$ cat entry_22.cif   # mmCIF, C-alpha atoms
data_coords
loop_
_atom_site.group_PDB
_atom_site.id
_atom_site.type_symbol
_atom_site.label_atom_id
_atom_site.label_comp_id
_atom_site.auth_asym_id
_atom_site.auth_seq_id
_atom_site.Cartn_x
_atom_site.Cartn_y
_atom_site.Cartn_z
ATOM 1 C CA MET A 1 0.000 0.000 0.000
ATOM 2 C CA LYS A 2 1.303 3.428 -0.906
ATOM 3 C CA ILE A 3 1.003 6.044 1.843
ATOM 4 C CA ALA A 4 1.409 9.811 1.572
ATOM 5 C CA ALA A 5 2.161 12.315 4.313
ATOM 6 C CA ALA A 6 1.069 15.893 3.628
ATOM 7 C CA GLN A 7 3.269 18.633 5.058
ATOM 8 C CA ILE A 8 1.203 21.832 4.952
ATOM 9 C CA SER A 9 0.625 25.217 6.527
ATOM 10 C CA CYS A 10 -2.802 26.367 7.727
ATOM 11 C CA VAL A 11 -4.644 29.664 7.860
ATOM 12 C CA LEU A 12 -5.724 30.416 11.407
ATOM 13 C CA GLY A 13 -9.484 30.235 11.755
ATOM 14 C CA ASP A 14 -10.150 29.873 8.011
ATOM 15 C CA PHE A 15 -11.988 26.571 7.805
ATOM 16 C CA ASN A 16 -12.783 26.812 4.095
ATOM 17 C CA ALA A 17 -9.251 27.700 2.980
ATOM 18 C CA ASN A 18 -7.778 24.888 5.041
ATOM 19 C CA LEU A 19 -10.210 22.279 3.738
ATOM 20 C CA ARG A 20 -9.586 23.397 0.143
ATOM 21 C CA LYS A 21 -5.893 22.756 0.703
ATOM 22 C CA VAL A 22 -6.648 19.335 2.170
ATOM 23 C CA CYS A 23 -8.689 18.514 -0.923
ATOM 24 C CA ASP A 24 -5.910 19.686 -3.260
ATOM 25 C CA PHE A 25 -3.265 17.614 -1.494
ATOM 26 C CA ALA A 26 -5.536 14.558 -1.367
ATOM 27 C CA GLU A 27 -6.074 14.832 -5.128
ATOM 28 C CA LEU A 28 -2.317 15.053 -5.733
ATOM 29 C CA ALA A 29 -1.713 12.033 -3.529
ATOM 30 C CA LYS A 30 -4.380 10.010 -5.326
ATOM 31 C CA LYS A 31 -2.924 10.886 -8.735
ATOM 32 C CA SER A 32 0.446 9.611 -7.485
ATOM 33 C CA GLY A 33 -1.095 6.273 -6.550
ATOM 34 C CA ALA A 34 -1.438 6.746 -2.785
ATOM 35 C CA GLU A 35 -4.222 4.835 -1.039
ATOM 36 C CA LEU A 36 -3.888 6.658 2.290
ATOM 37 C CA ILE A 37 -2.908 10.251 3.059
ATOM 38 C CA VAL A 38 -1.998 11.548 6.519
ATOM 39 C CA PHE A 39 -2.463 15.229 7.417
ATOM 40 C CA PRO A 40 -1.068 17.231 10.363
ATOM 41 C CA GLU A 41 -2.649 18.327 13.636
ATOM 42 C CA MET A 42 -5.618 20.723 13.814
ATOM 43 C CA ILE A 43 -5.848 21.260 10.061
ATOM 44 C CA ASP A 44 -9.291 22.861 10.341
ATOM 45 C CA THR A 45 -8.552 25.705 12.772
ATOM 46 C CA GLY A 46 -4.768 25.966 12.803
ATOM 47 C CA TYR A 47 -2.802 25.499 16.011
ATOM 48 C CA SER A 48 -3.593 28.419 18.309
ATOM 49 C CA MET A 49 -5.437 27.948 21.582
ATOM 50 C CA PRO A 50 -7.515 31.173 21.297
ATOM 51 C CA VAL A 51 -8.441 30.340 17.698
ATOM 52 C CA ILE A 52 -9.326 26.755 18.573
ATOM 53 C CA GLN A 53 -11.434 28.000 21.469
ATOM 54 C CA LYS A 54 -13.339 30.287 19.096
ATOM 55 C CA HIS A 55 -13.674 28.099 16.012
ATOM 56 C CA ALA A 56 -13.770 24.463 17.187
ATOM 57 C CA LYS A 57 -16.925 22.698 16.063
ATOM 58 C CA LYS A 58 -18.856 19.585 16.967
ATOM 59 C CA TRP A 59 -17.625 16.376 15.375
ATOM 60 C CA SER A 60 -20.812 16.148 13.300
ATOM 61 C CA GLU A 61 -20.723 19.784 12.150
ATOM 62 C CA GLY A 62 -17.056 20.649 11.607
ATOM 63 C CA ALA A 63 -14.358 19.216 9.394
ATOM 64 C CA VAL A 64 -15.495 15.604 9.538
ATOM 65 C CA PRO A 65 -18.433 15.841 7.094
ATOM 66 C CA GLN A 66 -16.244 17.752 4.628
ATOM 67 C CA LEU A 67 -13.412 15.250 4.989
ATOM 68 C CA GLN A 68 -15.884 12.432 4.413
ATOM 69 C CA LYS A 69 -16.960 14.106 1.188
ATOM 70 C CA ILE A 70 -13.335 14.580 0.072
ATOM 71 C CA ALA A 71 -12.412 10.981 0.860
ATOM 72 C CA LYS A 72 -15.412 9.625 -1.057
ATOM 73 C CA GLU A 73 -15.081 11.899 -4.079
ATOM 74 C CA ILE A 74 -11.340 11.284 -4.460
ATOM 75 C CA SER A 75 -11.545 7.655 -3.272
ATOM 76 C CA ILE A 76 -8.689 7.809 -0.788
ATOM 77 C CA ASP A 77 -8.293 6.929 2.902
ATOM 78 C CA ILE A 78 -7.616 10.009 5.038
ATOM 79 C CA VAL A 79 -6.140 10.596 8.484
ATOM 80 C CA ALA A 80 -6.365 14.183 9.731
ATOM 81 C CA GLY A 81 -6.007 16.095 12.963
ATOM 82 C CA ILE A 82 -9.061 18.255 13.736
ATOM 83 C CA SER A 83 -10.869 20.085 16.516
ATOM 84 C CA ASP A 84 -13.717 18.341 18.332
ATOM 85 C CA ARG A 85 -16.111 20.357 20.517
ATOM 86 C CA ASP A 86 -18.209 18.222 22.834
ATOM 87 C CA GLY A 87 -20.411 20.253 25.141
ATOM 88 C CA SER A 88 -18.161 22.441 27.285
ATOM 89 C CA SER A 89 -15.037 20.464 26.310
ATOM 90 C CA ILE A 90 -12.791 20.732 23.266
ATOM 91 C CA PHE A 91 -10.559 17.866 22.175
ATOM 92 C CA ASN A 92 -7.522 17.748 19.928
ATOM 93 C CA ALA A 93 -8.790 14.930 17.740
ATOM 94 C CA GLN A 94 -7.896 12.754 14.795
ATOM 95 C CA VAL A 95 -10.190 11.046 12.325
ATOM 96 C CA LEU A 96 -9.539 8.056 10.076
ATOM 97 C CA LEU A 97 -11.792 7.751 7.032
ATOM 98 C CA ASN A 98 -11.864 5.103 4.354
ATOM 99 C CA ALA A 99 -12.162 5.734 0.618
ATOM 100 C CA GLN A 100 -15.951 5.422 0.861
ATOM 101 C CA GLY A 101 -16.043 8.317 3.304
ATOM 102 C CA GLU A 102 -16.896 6.104 6.266
ATOM 103 C CA ILE A 103 -15.478 6.907 9.712
ATOM 104 C CA LEU A 104 -13.245 4.021 10.797
ATOM 105 C CA GLY A 105 -11.713 5.648 13.842
ATOM 106 C CA LYS A 106 -11.893 8.660 16.165
ATOM 107 C CA TYR A 107 -9.030 9.460 18.507
ATOM 108 C CA ARG A 108 -8.730 12.236 21.094
ATOM 109 C CA LYS A 109 -5.194 13.268 22.043
ATOM 110 C CA THR A 110 -4.359 11.679 25.385
ATOM 111 C CA HIS A 111 -1.153 13.584 26.228
ATOM 112 C CA LEU A 112 -1.566 17.371 26.339
ATOM 113 C CA VAL A 113 1.394 19.707 25.865
ATOM 114 C CA THR A 114 2.327 21.927 28.813
ATOM 115 C CA ALA A 115 5.772 23.159 27.704
ATOM 116 C CA ALA A 116 6.235 26.869 26.969
ATOM 117 C CA PRO A 117 5.151 28.648 24.889
ATOM 118 C CA LEU A 118 2.125 26.365 24.697
ATOM 119 C CA ASP A 119 -0.164 24.932 27.321
ATOM 120 C CA GLU A 120 -2.994 22.991 25.736
ATOM 121 C CA ARG A 121 -4.729 22.647 29.085
ATOM 122 C CA VAL A 122 -6.028 26.231 28.868
ATOM 123 C CA CYS A 123 -8.266 25.158 25.987
ATOM 124 C CA LEU A 124 -8.289 21.391 25.565
ATOM 125 C CA SER A 125 -9.369 18.303 27.473
ATOM 126 C CA PRO A 126 -7.441 15.010 27.245
ATOM 127 C CA GLY A 127 -8.849 11.875 25.685
ATOM 128 C CA ASN A 128 -8.755 8.594 27.571
ATOM 129 C CA GLU A 129 -8.543 5.870 24.942
ATOM 130 C CA PHE A 130 -6.017 4.614 22.392
ATOM 131 C CA VAL A 131 -7.383 3.763 18.935
ATOM 132 C CA SER A 132 -6.338 1.481 16.119
ATOM 133 C CA CYS A 133 -8.231 0.599 12.940
ATOM 134 C CA LYS A 134 -7.970 -1.989 10.203
ATOM 135 C CA ILE A 135 -7.209 -0.681 6.718
ATOM 136 C CA GLY A 136 -6.935 -3.538 4.253
ATOM 137 C CA LYS A 137 -4.162 -5.834 5.481
ATOM 138 C CA PHE A 138 -2.737 -3.306 7.936
ATOM 139 C CA THR A 139 -3.762 -2.121 11.388
ATOM 140 C CA VAL A 140 -3.204 1.600 11.839
ATOM 141 C CA GLY A 141 -2.618 3.118 15.271
ATOM 142 C CA LEU A 142 -3.563 6.767 15.723
ATOM 143 C CA SER A 143 -1.495 9.368 17.590
ATOM 144 C CA ILE A 144 -1.075 13.139 17.724
ATOM 145 C CA CYS A 145 2.140 15.157 18.081
ATOM 146 C CA TYR A 146 3.230 15.085 21.763
ATOM 147 C CA ASP A 147 2.052 11.440 21.993
ATOM 148 C CA LEU A 148 5.308 10.668 20.190
ATOM 149 C CA ARG A 149 7.192 11.182 23.457
ATOM 150 C CA PHE A 150 5.366 8.361 25.239
ATOM 151 C CA PRO A 151 6.752 4.937 24.285
ATOM 152 C CA GLU A 152 4.084 3.234 26.384
ATOM 153 C CA MET A 153 1.421 4.466 24.001
ATOM 154 C CA ALA A 154 3.084 3.119 20.863
ATOM 155 C CA ARG A 155 3.795 -0.206 22.585
ATOM 156 C CA THR A 156 0.178 -0.492 23.710
ATOM 157 C CA LEU A 157 -1.053 0.220 20.188
ATOM 158 C CA VAL A 158 1.194 -2.516 18.803
ATOM 159 C CA VAL A 159 0.988 -5.204 21.485
ATOM 160 C CA ASP A 160 -2.593 -4.760 22.701
ATOM 161 C CA ARG A 161 -4.269 -3.199 19.663
ATOM 162 C CA GLY A 162 -2.413 -5.057 16.898
ATOM 163 C CA ALA A 163 -1.041 -1.982 15.120
ATOM 164 C CA ASN A 164 1.778 -2.425 12.596
ATOM 165 C CA VAL A 165 1.540 1.088 11.139
ATOM 166 C CA ILE A 166 1.438 4.102 13.478
ATOM 167 C CA VAL A 167 0.481 7.509 12.120
ATOM 168 C CA ASN A 168 1.077 10.826 13.861
ATOM 169 C CA SER A 169 -0.617 14.105 12.967
ATOM 170 C CA SER A 170 1.670 16.809 14.308
ATOM 171 C CA ALA A 171 2.344 20.499 14.836
ATOM 172 C CA TRP A 172 5.865 20.004 16.176
ATOM 173 C CA PRO A 173 7.745 23.216 17.045
ATOM 174 C CA VAL A 174 11.083 24.203 15.581
ATOM 175 C CA VAL A 175 12.564 24.726 19.060
ATOM 176 C CA ARG A 176 12.513 20.932 19.519
ATOM 177 C CA ALA A 177 13.039 19.955 15.902
ATOM 178 C CA GLU A 178 15.977 17.653 16.617
ATOM 179 C CA HIS A 179 13.766 15.416 18.753
ATOM 180 C CA LEU A 180 11.198 14.689 16.047
ATOM 181 C CA ARG A 181 13.205 12.305 13.875
ATOM 182 C CA ILE A 182 14.996 10.677 16.825
ATOM 183 C CA LEU A 183 11.701 9.801 18.466
ATOM 184 C CA ALA A 184 10.111 8.642 15.212
ATOM 185 C CA LEU A 185 13.031 6.289 14.584
ATOM 186 C CA ALA A 186 12.887 4.971 18.137
ATOM 187 C CA ARG A 187 9.140 4.302 18.005
ATOM 188 C CA ALA A 188 9.503 2.466 14.673
ATOM 189 C CA VAL A 189 12.489 0.334 15.723
ATOM 190 C CA GLU A 190 11.316 -0.636 19.195
ATOM 191 C CA ASN A 191 7.857 -1.596 17.893
ATOM 192 C CA GLN A 192 8.994 -3.076 14.564
ATOM 193 C CA SER A 193 6.268 -1.082 12.842
ATOM 194 C CA TYR A 194 6.006 1.640 10.228
ATOM 195 C CA PHE A 195 5.861 5.145 11.684
ATOM 196 C CA ILE A 196 4.465 8.038 9.639
ATOM 197 C CA ILE A 197 4.564 11.661 10.803
ATOM 198 C CA ALA A 198 2.759 14.437 8.925
ATOM 199 C CA ASN A 199 3.997 17.668 10.487
ATOM 200 C CA ARG A 200 3.043 21.318 10.019
ATOM 201 C CA ILE A 201 5.077 24.158 8.618
ATOM 202 C CA GLY A 202 4.479 27.875 9.100
ATOM 203 C CA THR A 203 3.903 29.909 12.247
ATOM 204 C CA ASP A 204 0.709 30.032 14.314
ATOM 205 C CA ASP A 205 0.325 32.402 17.238
ATOM 206 C CA GLY A 206 4.099 32.846 17.566
ATOM 207 C CA VAL A 207 4.958 29.144 17.319
ATOM 208 C CA THR A 208 6.950 28.065 14.254
ATOM 209 C CA PHE A 209 6.707 24.449 13.154
ATOM 210 C CA CYS A 210 9.645 22.409 11.901
ATOM 211 C CA GLY A 211 8.230 20.355 9.021
ATOM 212 C CA SER A 212 10.574 17.392 8.534
ATOM 213 C CA SER A 213 7.703 14.945 8.061
ATOM 214 C CA VAL A 214 9.007 11.410 7.810
ATOM 215 C CA ILE A 215 8.078 7.827 6.957
ATOM 216 C CA VAL A 216 10.140 5.166 8.741
ATOM 217 C CA ASP A 217 10.025 1.417 8.147
ATOM 218 C CA PRO A 218 10.031 -1.273 10.908
ATOM 219 C CA SER A 219 13.819 -1.630 10.766
ATOM 220 C CA GLY A 220 14.369 2.104 11.239
ATOM 221 C CA LYS A 221 15.088 2.854 7.590
ATOM 222 C CA ILE A 222 13.899 6.305 6.521
ATOM 223 C CA LEU A 223 11.817 5.762 3.407
ATOM 224 C CA ALA A 224 10.875 9.395 2.817
ATOM 225 C CA ALA A 225 11.626 12.708 4.501
ATOM 226 C CA ALA A 226 10.399 16.241 3.927
ATOM 227 C CA SER A 227 12.116 19.615 4.138
ATOM 228 C CA PRO A 228 11.937 21.766 7.292
ATOM 229 C CA ASP A 229 9.940 24.588 5.732
ATOM 230 C CA CYS A 230 8.131 23.744 2.470
ATOM 231 C CA GLU A 231 4.690 22.415 1.703
ATOM 232 C CA GLU A 232 5.074 19.012 0.083
ATOM 233 C CA LEU A 233 3.925 15.426 -0.138
ATOM 234 C CA ILE A 234 6.166 12.495 0.731
ATOM 235 C CA TYR A 235 5.384 8.908 -0.198
ATOM 236 C CA ALA A 236 6.374 5.360 0.667
ATOM 237 C CA GLU A 237 5.161 1.824 0.197
ATOM 238 C CA VAL A 238 4.269 -0.141 3.316
ATOM 239 C CA SER A 239 4.663 -3.907 3.101
ATOM 240 C CA GLU A 240 3.314 -6.781 5.161
ATOM 241 C CA GLN A 241 6.373 -8.798 4.188
ATOM 242 C CA VAL A 242 8.792 -6.182 5.509
ATOM 243 C CA ILE A 243 6.966 -6.171 8.846
ATOM 244 C CA ALA A 244 7.042 -9.970 9.010
ATOM 245 C CA ASP A 245 10.718 -10.180 8.049
ATOM 246 C CA VAL A 246 11.802 -7.647 10.679
ATOM 247 C CA ARG A 247 9.731 -9.292 13.398
ATOM 248 C CA ASP A 248 10.958 -12.779 12.462
ATOM 249 C CA HIS A 249 14.607 -11.697 12.443
ATOM 250 C CA VAL A 250 14.570 -10.099 15.905
ATOM 251 C CA THR A 251 11.745 -11.645 17.934
ATOM 252 C CA VAL A 252 11.550 -8.837 20.461
ATOM 253 C CA PHE A 253 7.894 -9.367 21.347
ATOM 254 C CA ALA A 254 8.541 -12.976 22.335
ATOM 255 C CA HIS A 255 11.331 -11.841 24.668
ATOM 256 C CA ARG A 256 9.341 -9.270 26.624
ATOM 257 C CA ARG A 257 9.478 -9.833 30.402
ATOM 258 C CA ASN A 258 5.896 -9.165 31.317
ATOM 259 C CA ASP A 259 6.586 -10.630 34.747
ATOM 260 C CA LEU A 260 8.880 -7.681 35.428
ATOM 261 C CA TYR A 261 7.038 -4.829 33.772
#
$ encode --input "entry_22.cif" --output "structure tokens"
Amino acid sequence: MKIAAAQISCVLGDFNANLRKVCDFAELAKKSGAELIVFPEMIDTGYSMPVIQKHAKKWSEGAVPQLQKIAKEISIDIVAGISDRDGSSIFNAQVLLNAQGEILGKYRKTHLVTAAPLDERVCLSPGNEFVSCKIGKFTVGLSICYDLRFPEMARTLVVDRGANVIVNSSAWPVVRAEHLRILALARAVENQSYFIIANRIGTDDGVTFCGSSVIVDPSGKILAAASPDCEELIYAEVSEQVIADVRDHVTVFAHRRNDLY
């Protein structure tokens, strides 16, 4: 299966402009033969707590219906980070849609950022569940940005939820750019799974994002990598056989000491 990661900027608070860009990039990915495209974090509102607070919409009224329409019309699976207003709470969410526009998965970011200059807690509530979904022959685990720093999450997705491809919709800041690839490589290698990060570029509310989207295979090989500051699509093929070969060669899951953990 060919997967694309879309590295894009967003216009703060401009839902229509952002969704038009999503549609354009999805069309480009489809024309290049991709079956799944992954988009960054909060692609509907942009990544600014005041803007999210003002513009976040209900799951049934915001970006999801438009993304369903895009997925169906273009016939491509989509993962995207979006806002999700639920009563008095707002969640940093991620949706996984199939090529028929059906919702396969809904994930709410479980680990909220508190490091300066951002504190998501002033606007957002944490989710409380990890999510993985079957897409064809693969099981895709969902994650958002800061989740990358928590190895327990990736391991749970793989061991307990059967994931062999983990996707991450991100708005990773340039001040910690060097961590992004290191952590992506670590999560791929230790879980013997593909790891795909679609990261933002541009600057929202004083925070500049570092791009550098990446697709890593289960052995830690970088299959595709993006620039630090340009909008672009990166692509790679994911293979069941590669996953099986890596896991058969180093049988790490069989050697886990659950009696000690």
$ atom_distance --input "entry_22.cif" --atom1 "CA of Leu148 (chain A)" --atom2 "CA of Val167 (chain A)"
9.9 Å
$ closest_residue --input "entry_22.cif" --among "A:Leu180, A:Ala29, A:Ile90, A:Ile74" --to "Ala225 (chain A)" --atoms "only C-alpha atoms"
A:Leu180
$ resolve_selection --input "entry_22.cif" --expression "the PyMOL selection byres ((chain A and resi 50) around 12)" --output "list in words"
Leu12, Gly13, Thr45, Gly46, Tyr47, Ser48, Met49, Val51, Ile52, Gln53, Lys54, His55, Ala56, Ile90, Leu118, Asp119, Glu120, Arg121, Val122, Cys123, Leu124, Asp204 and Asp205 of chain A
$ closest_atom_pairs --input "entry_22.cif" --of "region 117-167 of chain A" --to "region 237-261 of chain A" --cutoff "10 Å" --atoms "only C-alpha atoms" --output "Markdown table"
| residue | atom | partner | partner_atom | distance |
| --- | --- | --- | --- | --- |
| A:Lys137 | CA | A:Glu240 | CA | 7.5 |
| A:Phe138 | CA | A:Glu240 | CA | 7.5 |
| A:Val158 | CA | A:Phe253 | CA | 9.9 |
| A:Val159 | CA | A:Phe253 | CA | 8.1 |
| A:Asn164 | CA | A:Ile243 | CA | 7.4 |
| A:Val165 | CA | A:Val238 | CA | 8.4 |
$ atom_distance --input "entry_22.cif" --atom1 "CA of Ile182 (chain A)" --atom2 "CA of Ser9 (chain A)"
22.9 Å
$ resolve_selection --input "entry_22.cif" --expression "the PyMOL selection byres ((chain A and resi 102) around 10)" --output "PDB file with C-alpha atoms, in the frame of the given file"
ATOM      1  CA  PRO A  65     -18.433  15.841   7.094  1.00  0.00           C
ATOM      2  CA  LEU A  67     -13.412  15.250   4.989  1.00  0.00           C
ATOM      3  CA  GLN A  68     -15.884  12.432   4.413  1.00  0.00           C
ATOM      4  CA  LYS A  69     -16.960  14.106   1.188  1.00  0.00           C
ATOM      5  CA  ALA A  71     -12.412  10.981   0.860  1.00  0.00           C
ATOM      6  CA  LYS A  72     -15.412   9.625  -1.057  1.00  0.00           C
ATOM      7  CA  ASP A  77      -8.293   6.929   2.902  1.00  0.00           C
ATOM      8  CA  LEU A  96      -9.539   8.056  10.076  1.00  0.00           C
ATOM      9  CA  LEU A  97     -11.792   7.751   7.032  1.00  0.00           C
ATOM     10  CA  ASN A  98     -11.864   5.103   4.354  1.00  0.00           C
ATOM     11  CA  ALA A  99     -12.162   5.734   0.618  1.00  0.00           C
ATOM     12  CA  GLN A 100     -15.951   5.422   0.861  1.00  0.00           C
ATOM     13  CA  GLY A 101     -16.043   8.317   3.304  1.00  0.00           C
ATOM     14  CA  ILE A 103     -15.478   6.907   9.712  1.00  0.00           C
ATOM     15  CA  LEU A 104     -13.245   4.021  10.797  1.00  0.00           C
ATOM     16  CA  GLY A 105     -11.713   5.648  13.842  1.00  0.00           C
TER      17      GLY A 105
END
$ atom_distance --input "entry_22.cif" --atom1 "CA of Asp24 (chain A)" --atom2 "CA of Val174 (chain A)"
25.8 Å
$ residues_around --input "entry_22.cif" --residues "Ile43 (chain A)" --least-positions-apart "3" --cutoff "7 Å" --atoms "only C-alpha atoms" --output "list of chain:residue names"
A:Cys10, A:Asn18, A:Pro40, A:Gly46, A:Gly81, A:Ile82
$ resolve_selection --input "entry_22.cif" --expression "the PyMOL selection byres ((chain A and resi 63) around 8)" --output "list in words"
Phe15, Leu19, Asp44, Lys57, Trp59, Glu61, Gly62, Val64, Pro65, Gln66, Leu67, Ile82 and Ser83 of chain A
$ residues_around --input "entry_22.cif" --residues "region 186-189 of chain A" --least-positions-apart "2" --cutoff "8 Å" --atoms "all atoms listed in the file" --output "ChimeraX atom specification"
/A:148,151,154,182-184,191-195,216-220
$ closest_residue --input "entry_22.cif" --among "A:Val22, A:Lys221, A:Glu41, A:Pro173" --to "Leu185 (chain A)" --atoms "all atoms listed in the file"
A:Lys221
$ residues_around --input "entry_22.cif" --residues "Phe209 (chain A)" --least-positions-apart "6" --cutoff "9 Å" --atoms "only C-alpha atoms" --output "MDAnalysis selection string"
chainID A and resid 171:175 177 199:203 228:229
$ write_last_selection --input "entry_22.cif" --atoms "C-alpha atoms" --output "PDB file, keeping the file's coordinate frame"
ATOM      1  CA  ALA A 171       2.344  20.499  14.836  1.00  0.00           C
ATOM      2  CA  TRP A 172       5.865  20.004  16.176  1.00  0.00           C
ATOM      3  CA  PRO A 173       7.745  23.216  17.045  1.00  0.00           C
ATOM      4  CA  VAL A 174      11.083  24.203  15.581  1.00  0.00           C
ATOM      5  CA  VAL A 175      12.564  24.726  19.060  1.00  0.00           C
ATOM      6  CA  ALA A 177      13.039  19.955  15.902  1.00  0.00           C
ATOM      7  CA  ASN A 199       3.997  17.668  10.487  1.00  0.00           C
ATOM      8  CA  ARG A 200       3.043  21.318  10.019  1.00  0.00           C
ATOM      9  CA  ILE A 201       5.077  24.158   8.618  1.00  0.00           C
ATOM     10  CA  GLY A 202       4.479  27.875   9.100  1.00  0.00           C
ATOM     11  CA  THR A 203       3.903  29.909  12.247  1.00  0.00           C
ATOM     12  CA  PRO A 228      11.937  21.766   7.292  1.00  0.00           C
ATOM     13  CA  ASP A 229       9.940  24.588   5.732  1.00  0.00           C
TER      14      ASP A 229
END
$ residues_near_point --input "entry_22.cif" --point "(10.8, 16.7, 7.7)" --cutoff "6 Å" --atoms "all atoms listed in the file" --output "MDAnalysis selection string"
chainID A and resid 211:214 225:228
$ write_last_selection --input "entry_22.cif" --atoms "C-alpha atoms" --output "PDB file, in the coordinates of the input"
ATOM      1  CA  GLY A 211       8.230  20.355   9.021  1.00  0.00           C
ATOM      2  CA  SER A 212      10.574  17.392   8.534  1.00  0.00           C
ATOM      3  CA  SER A 213       7.703  14.945   8.061  1.00  0.00           C
ATOM      4  CA  VAL A 214       9.007  11.410   7.810  1.00  0.00           C
ATOM      5  CA  ALA A 225      11.626  12.708   4.501  1.00  0.00           C
ATOM      6  CA  ALA A 226      10.399  16.241   3.927  1.00  0.00           C
ATOM      7  CA  SER A 227      12.116  19.615   4.138  1.00  0.00           C
ATOM      8  CA  PRO A 228      11.937  21.766   7.292  1.00  0.00           C
TER       9      PRO A 228
END
$ closest_residue --input "entry_22.cif" --among "A:Ala116, A:Val207, A:Cys23, A:Ala198" --to "Glu231 (chain A)" --atoms "all atoms listed in the file"
A:Ala198
$ residues_around --input "entry_22.cif" --residues "Val38 (chain A)" --least-positions-apart "6" --cutoff "7 Å" --atoms "all atoms listed in the file" --output "list of chain:residue names"
A:Ala4, A:Ala5, A:Ala6, A:Ile78, A:Val79, A:Ala80, A:Ala198
$ build_atoms --input "entry_22.cif" --residues "region 155-168 of chain A" --atoms "N, CA and C atoms" --output "PDB file, keeping the file's coordinate frame"
ATOM      1  N   ARG A 155       3.719   1.215  22.268  1.00  0.00           N
ATOM      2  CA  ARG A 155       3.795  -0.206  22.585  1.00  0.00           C
ATOM      3  C   ARG A 155       2.408  -0.791  22.831  1.00  0.00           C
ATOM      4  N   THR A 156       1.546  -0.020  23.483  1.00  0.00           N
ATOM      5  CA  THR A 156       0.178  -0.492  23.710  1.00  0.00           C
ATOM      6  C   THR A 156      -0.570  -0.646  22.391  1.00  0.00           C
ATOM      7  N   LEU A 157      -0.396   0.322  21.495  1.00  0.00           N
ATOM      8  CA  LEU A 157      -1.053   0.220  20.188  1.00  0.00           C
ATOM      9  C   LEU A 157      -0.617  -1.033  19.444  1.00  0.00           C
ATOM     10  N   VAL A 158       0.665  -1.362  19.538  1.00  0.00           N
ATOM     11  CA  VAL A 158       1.194  -2.516  18.803  1.00  0.00           C
ATOM     12  C   VAL A 158       0.854  -3.830  19.490  1.00  0.00           C
ATOM     13  N   VAL A 159       1.137  -3.931  20.782  1.00  0.00           N
ATOM     14  CA  VAL A 159       0.988  -5.204  21.485  1.00  0.00           C
ATOM     15  C   VAL A 159      -0.474  -5.513  21.800  1.00  0.00           C
ATOM     16  N   ASP A 160      -1.207  -4.516  22.277  1.00  0.00           N
ATOM     17  CA  ASP A 160      -2.593  -4.760  22.701  1.00  0.00           C
ATOM     18  C   ASP A 160      -3.621  -4.483  21.616  1.00  0.00           C
ATOM     19  N   ARG A 161      -3.293  -3.582  20.687  1.00  0.00           N
ATOM     20  CA  ARG A 161      -4.269  -3.199  19.663  1.00  0.00           C
ATOM     21  C   ARG A 161      -3.898  -3.705  18.274  1.00  0.00           C
ATOM     22  N   GLY A 162      -2.772  -4.416  18.158  1.00  0.00           N
ATOM     23  CA  GLY A 162      -2.413  -5.057  16.898  1.00  0.00           C
ATOM     24  C   GLY A 162      -1.878  -4.159  15.815  1.00  0.00           C
ATOM     25  N   ALA A 163      -1.514  -2.909  16.151  1.00  0.00           N
ATOM     26  CA  ALA A 163      -1.041  -1.982  15.120  1.00  0.00           C
ATOM     27  C   ALA A 163       0.304  -2.431  14.545  1.00  0.00           C
ATOM     28  N   ASN A 164       0.469  -2.242  13.240  1.00  0.00           N
ATOM     29  CA  ASN A 164       1.778  -2.425  12.596  1.00  0.00           C
ATOM     30  C   ASN A 164       2.159  -1.213  11.751  1.00  0.00           C
ATOM     31  N   VAL A 165       1.272  -0.227  11.722  1.00  0.00           N
ATOM     32  CA  VAL A 165       1.540   1.088  11.139  1.00  0.00           C
ATOM     33  C   VAL A 165       1.023   2.116  12.139  1.00  0.00           C
ATOM     34  N   ILE A 166       1.872   3.032  12.574  1.00  0.00           N
ATOM     35  CA  ILE A 166       1.438   4.102  13.478  1.00  0.00           C
ATOM     36  C   ILE A 166       1.553   5.429  12.743  1.00  0.00           C
ATOM     37  N   VAL A 167       0.483   6.194  12.771  1.00  0.00           N
ATOM     38  CA  VAL A 167       0.481   7.509  12.120  1.00  0.00           C
ATOM     39  C   VAL A 167       0.393   8.592  13.186  1.00  0.00           C
ATOM     40  N   ASN A 168       1.033   9.722  12.901  1.00  0.00           N
ATOM     41  CA  ASN A 168       1.077  10.826  13.861  1.00  0.00           C
ATOM     42  C   ASN A 168       0.807  12.133  13.126  1.00  0.00           C
TER      43      ASN A 168
END
